[in-house]
Amino acid sequence: MLDSWEIRKYLIAFKPSNPHYKLYRRGVPKIQTLLNPYDGPIIKPRIFIISLFTPEAGIWLESDLGLYAQNITVPGLSPLFPQVHCDEDRYVCQVTTGEGEINAATTIHALTLYPFFDLTLTYFLIAGIAGVSPHHGTLGSVTYARYAVQFGLEYEIDSREKPADFFTGYVPLGAKFPTEYPQHEYGTEVFELNVALRDHAASLASGVKLTDSAKAEAFRTKFLYAPANQPPGIIKCETATSDTYWHGELIAKAVEEYTKLLTNGTGNYCMAAQEDSAVLEVMVRSAARGAVDFSRIILTRSAANFDRPPPGYTAAQDLFNATSGGFPLSLANLYKVNRPFVDDVKNLSQWRKASP
């Protein structure tokens, strides 16, 4: 059995700059022998790809990046995805969190505490699929975010019981009206990422020809306005995080207004996701202890479906029965659009310098 001190030594935030690093490092082998076969040198990835579930991971693992060259079992990762995968040079690594906020947070927390990774200069690409607002994108579109908003931090009144002058049953915590600023702050309501780095990634992707299909094109014609009925493109807009897989015009409107409220009118909601805020809060805390650089994070989502139905369809009909053709497009374009950024960081001779 491991005593509590041995476990604490393993869980301490290891990093080479820590003056006690060598002392802590000596406490790792016994624990590592029991929990993890890896006993190699410290790995310093140039870029870490964060996937959320199997299809998102597969586009990278089955690519020519060679990410099965190094497979490191990390204690604390999801039982479904217990390994980090890296290329031969250990420049590019990939981890899969599992879906939802809890899986995302616990996986990234375990990753940032793992003593065999030095992530202090690593770039992170949070890359997943999502539901898109038809007012900002379409099936197969790829987005880059400045903000991630946690939509779940609100009061919720069943819409059948809400006051007549409420446009939604969602009310910011501590407020008494849907458009009032929250009075009870949890500290995870909104995260702002490095705009210069976001713009750099989008610029690298600007020449990529996005994949489309006849099936997706046919489904888009159900919408009577752009950009929903247009081919996919690359967009700069925000994500909203909630474990609830919501769908429909009324909830989407509430998310749009909440995003504008929390970003002082500067953010435009476009992507519905389940993990972003959870990953970013772990990154904030990890940055506070010097384990990562929060300015080196890209948040990208591709559109697998719309977040509301087209005209003439109910939310339930669209959610449960629609076959839009967006899923394969979202995976193909998530990879194609973000591969230039991965290659850019992988091959960047000055990758250790400050990010844009």
# chains A, B, ... in the order shown; residues from 1 in each chain; ligands from 1

$ select_by_dssp --residues "segment 55-172 of chain A" --states "strand (DSSP E or B)" --output "ChimeraX atom specification"
/A:70-73,83-86,92-96,117,123-132,142-144,147-150,154-156,170-172

$ select_by_dssp --residues "segment 124-308 of chain A" --states "helix (DSSP H, G or I)" --output "VMD selection string"
chain A and resid 195 to 205 214 to 220 249 to 262 276 to 288 294 to 296

$ write_last_selection --atoms "C-alpha atoms" --output "mmCIF file, in the first residue's frame"
data_model
loop_
_atom_site.group_PDB
_atom_site.id
_atom_site.type_symbol
_atom_site.label_atom_id
_atom_site.label_comp_id
_atom_site.auth_asym_id
_atom_site.auth_seq_id
_atom_site.Cartn_x
_atom_site.Cartn_y
_atom_site.Cartn_z
ATOM 1 C CA VAL A 195 -7.138 36.786 -29.604
ATOM 2 C CA ALA A 196 -3.817 37.178 -31.418
ATOM 3 C CA LEU A 197 -3.199 33.431 -31.287
ATOM 4 C CA ARG A 198 -6.776 32.746 -32.416
ATOM 5 C CA ASP A 199 -6.308 35.090 -35.365
ATOM 6 C CA HIS A 200 -2.998 33.431 -36.222
ATOM 7 C CA ALA A 201 -4.611 29.985 -36.316
ATOM 8 C CA ALA A 202 -7.495 31.281 -38.430
ATOM 9 C CA SER A 203 -5.050 32.937 -40.813
ATOM 10 C CA LEU A 204 -3.114 29.704 -41.281
ATOM 11 C CA ALA A 205 -6.374 27.947 -42.136
ATOM 12 C CA ALA A 214 -24.668 16.845 -51.415
ATOM 13 C CA LYS A 215 -26.544 15.573 -48.363
ATOM 14 C CA ALA A 216 -25.502 18.527 -46.206
ATOM 15 C CA GLU A 217 -26.174 20.945 -49.041
ATOM 16 C CA ALA A 218 -29.698 19.589 -49.427
ATOM 17 C CA PHE A 219 -30.402 19.922 -45.716
ATOM 18 C CA ARG A 220 -29.141 23.517 -45.682
ATOM 19 C CA GLU A 249 -35.003 28.338 -31.038
ATOM 20 C CA LEU A 250 -36.091 29.535 -27.581
ATOM 21 C CA ILE A 251 -33.123 28.124 -25.661
ATOM 22 C CA ALA A 252 -30.746 29.234 -28.410
ATOM 23 C CA LYS A 253 -32.047 32.782 -28.051
ATOM 24 C CA ALA A 254 -31.374 32.623 -24.306
ATOM 25 C CA VAL A 255 -27.800 31.451 -24.946
ATOM 26 C CA GLU A 256 -27.237 34.269 -27.431
ATOM 27 C CA GLU A 257 -28.412 36.911 -24.975
ATOM 28 C CA TYR A 258 -26.474 35.423 -22.053
ATOM 29 C CA THR A 259 -23.285 35.401 -24.120
ATOM 30 C CA LYS A 260 -23.711 39.045 -25.075
ATOM 31 C CA LEU A 261 -24.448 39.915 -21.446
ATOM 32 C CA LEU A 262 -21.322 38.256 -20.048
ATOM 33 C CA ASP A 276 -14.956 23.933 -23.057
ATOM 34 C CA SER A 277 -15.450 25.848 -19.812
ATOM 35 C CA ALA A 278 -14.408 22.825 -17.759
ATOM 36 C CA VAL A 279 -11.142 22.433 -19.654
ATOM 37 C CA LEU A 280 -10.406 26.146 -19.462
ATOM 38 C CA GLU A 281 -10.982 26.410 -15.702
ATOM 39 C CA VAL A 282 -8.427 23.653 -15.155
ATOM 40 C CA MET A 283 -6.049 25.542 -17.432
ATOM 41 C CA VAL A 284 -6.574 28.758 -15.454
ATOM 42 C CA ARG A 285 -5.677 27.022 -12.202
ATOM 43 C CA SER A 286 -2.768 25.195 -13.798
ATOM 44 C CA ALA A 287 -1.443 28.473 -15.183
ATOM 45 C CA ALA A 288 -1.668 30.006 -11.715
ATOM 46 C CA PHE A 294 -2.928 30.125 -20.692
ATOM 47 C CA SER A 295 -2.049 32.375 -23.630
ATOM 48 C CA ARG A 296 -1.163 29.277 -25.680
#

$ residues_around --residues "Ala148 of chain A" --least-positions-apart "5" --cutoff "10 Å" --atoms "only C-alpha atoms" --output "list in words"
Thr188, Glu189, Val190, Phe191, Glu192, Leu193, Cys237, Glu238, Thr239, Ala240, Thr241, Thr259, Thr263, Gly267, Tyr269, Met271, Ala273, Glu275, Asp276, Ser277, Ala278, Leu280 and Leu299 of chain A

$ atom_distance --atom1 "atom CA of Pro75 of chain A" --atom2 "atom CA of Gly128 of chain A"
23.3 Å

$ atom_distance --atom1 "atom CA of Pro82 of chain A" --atom2 "atom CA of Ile59 of chain A"
18.0 Å

$ residues_around --residues "Ser324 of chain A" --least-positions-apart "3" --cutoff "12 Å" --atoms "only C-alpha atoms" --output "number ranges by chain"
A: 131, 138-140, 212-222, 303-306, 309-310, 318-321, 327-330

$ write_last_selection --atoms "N, CA and C atoms" --output "compact mmCIF listing (two decimals), in the first residue's frame"
# COMPACT_ATOMS: atom_id res chain seq x y z
N GLY A 131 -22.83 21.87 -32.03
CA GLY A 131 -24.01 22.35 -32.75
C GLY A 131 -23.86 23.82 -33.05
N THR A 138 -22.81 27.13 -40.61
CA THR A 138 -23.60 26.07 -41.23
C THR A 138 -22.90 24.74 -41.04
N LEU A 139 -23.49 23.69 -41.53
CA LEU A 139 -22.92 22.35 -41.39
C LEU A 139 -21.52 22.31 -42.00
N GLY A 140 -20.56 21.81 -41.22
CA GLY A 140 -19.19 21.73 -41.69
C GLY A 140 -18.34 22.95 -41.44
N ASP A 212 -17.40 19.40 -48.31
CA ASP A 212 -18.85 19.56 -48.31
C ASP A 212 -19.47 18.30 -48.91
N SER A 213 -20.78 18.20 -48.86
CA SER A 213 -21.45 17.02 -49.42
C SER A 213 -22.82 17.41 -49.94
N ALA A 214 -23.34 16.59 -50.86
CA ALA A 214 -24.67 16.85 -51.42
C ALA A 214 -25.74 16.71 -50.35
N LYS A 215 -25.55 15.78 -49.42
CA LYS A 215 -26.54 15.57 -48.36
C LYS A 215 -26.64 16.80 -47.47
N ALA A 216 -25.50 17.33 -47.05
CA ALA A 216 -25.50 18.53 -46.21
C ALA A 216 -26.05 19.73 -46.97
N GLU A 217 -25.69 19.83 -48.23
CA GLU A 217 -26.17 20.94 -49.04
C GLU A 217 -27.69 20.91 -49.15
N ALA A 218 -28.25 19.72 -49.32
CA ALA A 218 -29.70 19.59 -49.43
C ALA A 218 -30.39 19.98 -48.12
N PHE A 219 -29.79 19.58 -47.00
CA PHE A 219 -30.40 19.92 -45.72
C PHE A 219 -30.36 21.42 -45.47
N ARG A 220 -29.28 22.08 -45.89
CA ARG A 220 -29.14 23.52 -45.68
C ARG A 220 -30.24 24.31 -46.37
N THR A 221 -30.74 23.79 -47.48
CA THR A 221 -31.75 24.54 -48.23
C THR A 221 -33.05 24.70 -47.46
N LYS A 222 -33.20 23.95 -46.37
CA LYS A 222 -34.40 24.10 -45.53
C LYS A 222 -34.40 25.45 -44.82
N ALA A 303 -18.98 22.30 -36.99
CA ALA A 303 -20.43 22.14 -36.90
C ALA A 303 -20.90 20.79 -37.43
N ALA A 304 -21.40 19.96 -36.51
CA ALA A 304 -21.96 18.66 -36.88
C ALA A 304 -23.46 18.73 -37.11
N ASN A 305 -24.10 19.74 -36.52
CA ASN A 305 -25.55 19.90 -36.62
C ASN A 305 -25.91 21.34 -36.30
N PHE A 306 -27.15 21.70 -36.53
CA PHE A 306 -27.65 23.01 -36.13
C PHE A 306 -28.19 22.92 -34.70
N PRO A 309 -34.11 23.94 -35.14
CA PRO A 309 -34.64 23.35 -36.36
C PRO A 309 -34.81 24.37 -37.48
N PRO A 310 -34.87 23.90 -38.72
CA PRO A 310 -35.21 24.79 -39.83
C PRO A 310 -36.70 25.11 -39.81
N ASP A 318 -36.48 17.76 -35.26
CA ASP A 318 -35.13 18.00 -35.75
C ASP A 318 -34.10 17.26 -34.92
N LEU A 319 -34.26 17.29 -33.60
CA LEU A 319 -33.28 16.66 -32.71
C LEU A 319 -33.26 15.15 -32.87
N PHE A 320 -34.42 14.54 -32.94
CA PHE A 320 -34.48 13.08 -32.91
C PHE A 320 -34.50 12.41 -34.28
N ASN A 321 -34.86 13.15 -35.31
CA ASN A 321 -35.06 12.50 -36.61
C ASN A 321 -34.22 13.05 -37.75
N PHE A 327 -22.30 15.44 -39.61
CA PHE A 327 -21.31 14.78 -38.75
C PHE A 327 -20.01 14.46 -39.48
N PRO A 328 -20.04 13.76 -40.62
CA PRO A 328 -18.76 13.48 -41.30
C PRO A 328 -18.05 14.74 -41.77
N LEU A 329 -18.82 15.75 -42.17
CA LEU A 329 -18.20 17.01 -42.58
C LEU A 329 -17.45 17.66 -41.42
N SER A 330 -18.09 17.64 -40.25
CA SER A 330 -17.48 18.30 -39.09
C SER A 330 -16.15 17.67 -38.74

$ atom_distance --atom1 "atom CA of Ser51 of chain A" --atom2 "atom CA of Ala127 of chain A"
5.7 Å

$ closest_residue --among "A:Val132, A:Ile157, A:Val171, A:Ala322" --to "Ala228 of chain A" --atoms "only C-alpha atoms"
A:Val132

$ residues_around --residues "Thr106 of chain A" --least-positions-apart "2" --cutoff "9 Å" --atoms "only C-alpha atoms" --output "PyMOL selection string"
chain A and resi 76-78+97+101-104+108-111+278-279+282

$ closest_residue --among "A:Ser206, A:Gln183, A:Ser63, A:Thr168" --to "Pro340 of chain A" --atoms "only C-alpha atoms"
A:Ser206

$ closest_residue --among "A:Val95, A:Ala57, A:Ile50, A:Ala315" --to "Gln83 of chain A" --atoms "only C-alpha atoms"
A:Val95

$ residues_around --residues "Tyr123 of chain A" --least-positions-apart "3" --cutoff "8 Å" --atoms "only C-alpha atoms" --output "list in words"
Arg46, Ile47, Phe48, Asp293, Arg296, Ile297, Ile298 and Val345 of chain A
